[in-house]
Amino acid sequence: MRDDICTIPISEVFEPKDGCPICRMRNTIESRMVEYILGAAMMEPDVRIKTNELGFCKDHLEMMMKGKNRLSLALILETHLDSVKNELFKKSFIKPSAKKTAYKAARIEETCFVCDRIQWGMERLIATTLRMYANESDFRRLFKDQECLCLPHYRLLMEEASNSMDKKRLSDFSADCNNLAEKYLSELTVDVNKFTKMFDYRNAGGETDEFDRAKDSIERAFAFLTSRGEM
């Protein structure tokens, strides 16, 4: 498989100022991989070998089911199911123990080709992001101007930066990450509080403009806490 399938120009990710940039990074890789698997990957034997072995998690299987190429998905599932059958129910003179069989089944459930490739791509793109922050003043300004960082990606950036940045640059980067996450969290907390007050009878018939931004605060809280959804 082409190693550049997960490549995204970092500037492409950070130019918009809408939500968490690392979520955009992950979502772009994810959508490219799903499109690739149902398209060009059908003609690549090495990819089919890996999809047969790893299969797909629930979330990514659902994404593929929503795609247009149902025939490609059926062909992929056909050979994956054969692989599962061979792994679990292959005839043998030595009958495997229940514990060993359960372990094999668990491995099939827990692996996903798309998750594996997203992880591969994210590791490289996060490393590039940190290098750009360390070396390019224009990118540091672009990073500071983002709308927010979700909690999982705030944690990811802080972890990776602590392992690769020098102390001076790490201090600046940590401060920027803290500002992006804390500012959004403070605003989100206010909006969720406003949402709860919408159900107070004392506010019935009052001005609705105050609560407009609060209406989707539960969805935005979900996105902030999980990195999934619209922030």
# chains A, B, ... in the order shown; residues from 1 in each chain; ligands from 1
$ select_by_dssp --residues "region 39-71 of chain A" --states "alpha helix (DSSP H)" --output "list in words"
Pro45, Asp46, Val47, Arg48, Ile49, Lys50, Thr51, Asn52, Glu53, Leu54, Lys58, Asp59, His60, Leu61, Glu62, Met63, Met64, Met65, Arg70 and Leu71 of chain A
$ residues_around --residues "region 135-140 of chain A" --least-positions-apart "3" --cutoff "10 Å" --atoms "only C-alpha atoms" --output "PyMOL selection string"
chain A and resi 10-11+14-15+129-132+143-145+169+172-173+176
$ write_last_selection --atoms "N, CA and C atoms" --output "short mmCIF file (atom, residue, chain, number, x, y, z; two decimals), in the first residue's frame"
data_model
loop_
_atom_site.label_atom_id
_atom_site.label_comp_id
_atom_site.auth_asym_id
_atom_site.auth_seq_id
_atom_site.Cartn_x
_atom_site.Cartn_y
_atom_site.Cartn_z
N ILE A 10 0.11 19.82 6.79
CA ILE A 10 -0.30 20.34 8.09
C ILE A 10 -1.02 21.68 7.95
N SER A 11 -0.58 22.51 7.01
CA SER A 11 -1.23 23.81 6.82
C SER A 11 -2.70 23.63 6.42
N PHE A 14 -4.62 23.18 9.67
CA PHE A 14 -4.66 24.30 10.62
C PHE A 14 -5.19 25.60 10.04
N GLU A 15 -5.35 25.70 8.74
CA GLU A 15 -5.86 26.95 8.16
C GLU A 15 -7.28 27.26 8.63
N THR A 129 3.72 18.23 13.21
CA THR A 129 3.10 19.40 13.84
C THR A 129 4.01 19.98 14.92
N LEU A 130 4.56 19.11 15.75
CA LEU A 130 5.42 19.58 16.84
C LEU A 130 6.72 20.18 16.30
N ARG A 131 7.26 19.59 15.24
CA ARG A 131 8.48 20.15 14.64
C ARG A 131 8.20 21.53 14.04
N MET A 132 7.06 21.67 13.39
CA MET A 132 6.71 22.96 12.81
C MET A 132 6.52 24.01 13.90
N PHE A 143 -1.18 28.13 15.21
CA PHE A 143 -1.61 27.21 16.26
C PHE A 143 -2.36 27.97 17.36
N LYS A 144 -1.82 29.11 17.78
CA LYS A 144 -2.46 29.90 18.84
C LYS A 144 -3.84 30.38 18.44
N ASP A 145 -4.06 30.59 17.15
CA ASP A 145 -5.32 31.15 16.66
C ASP A 145 -6.43 30.11 16.50
N ARG A 169 10.79 25.56 24.45
CA ARG A 169 9.68 25.48 23.50
C ARG A 169 8.50 24.72 24.11
N ASP A 172 6.27 27.06 26.11
CA ASP A 172 5.39 27.87 25.26
C ASP A 172 4.25 27.03 24.69
N PHE A 173 4.59 25.83 24.22
CA PHE A 173 3.59 24.96 23.61
C PHE A 173 2.54 24.55 24.64
N ASP A 176 0.13 27.36 25.24
CA ASP A 176 -0.83 27.52 24.14
C ASP A 176 -1.89 26.44 24.18
#
$ residues_around --residues "Val192 (chain A)" --least-positions-apart "5" --cutoff "10 Å" --atoms "only C-alpha atoms" --output "PyMOL selection string"
chain A and resi 187+197-198+211+213-221
$ write_last_selection --atoms "C-alpha atoms" --output "compact mmCIF listing (two decimals), in the first residue's frame"
# COMPACT_ATOMS: atom_id res chain seq x y z
CA GLU A 187 -17.24 28.72 27.53
CA LYS A 197 -31.76 26.91 32.85
CA MET A 198 -33.84 26.61 29.69
CA PHE A 211 -30.08 30.42 24.99
CA ARG A 213 -25.80 29.05 21.67
CA ALA A 214 -26.69 26.70 24.53
CA LYS A 215 -29.04 24.56 22.45
CA ASP A 216 -26.30 22.31 21.08
CA SER A 217 -24.10 22.45 24.20
CA ILE A 218 -24.68 18.78 25.05
CA GLU A 219 -23.46 17.71 21.61
CA ARG A 220 -20.45 20.02 21.89
CA ALA A 221 -19.65 18.67 25.35
$ closest_residue --among "A:Val190, A:Leu54, A:Cys150, A:Met158" --to "Glu109 (chain A)" --atoms "only C-alpha atoms"
A:Leu54
$ residues_around --residues "Phe224 (chain A)" --least-positions-apart "5" --cutoff "9 Å" --atoms "only C-alpha atoms" --output "list in words"
Cys20, Leu149, Cys150, Leu151, Pro152, Tyr184, Leu185, Leu188, Glu219, Gly229, Glu230 and Met231 of chain A
$ write_last_selection --atoms "C-alpha atoms" --output "CSV table (one decimal), in the first residue's frame"
chain,number,residue,atom,x,y,z
A,20,CYS,CA,-10.2,21.1,17.2
A,149,LEU,CA,-8.5,21.5,21.5
A,150,CYS,CA,-10.7,18.6,22.5
A,151,LEU,CA,-9.7,16.8,25.7
A,152,PRO,CA,-8.3,13.6,24.1
A,184,TYR,CA,-13.2,26.5,25.3
A,185,LEU,CA,-14.0,24.4,28.4
A,188,LEU,CA,-18.7,25.2,27.2
A,219,GLU,CA,-23.5,17.7,21.6
A,229,GLY,CA,-18.8,15.1,16.8
A,230,GLU,CA,-19.0,18.8,16.0
A,231,MET,CA,-17.5,21.3,18.4
$ closest_residue --among "A:Met64, A:Leu73, A:Met25, A:Ala105" --to "Glu123 (chain A)" --atoms "only C-alpha atoms"
A:Met25
$ closest_residue --among "A:Ser72, A:Phe222, A:Asp212, A:Lys104" --to "Ala40 (chain A)" --atoms "only C-alpha atoms"
A:Ser72
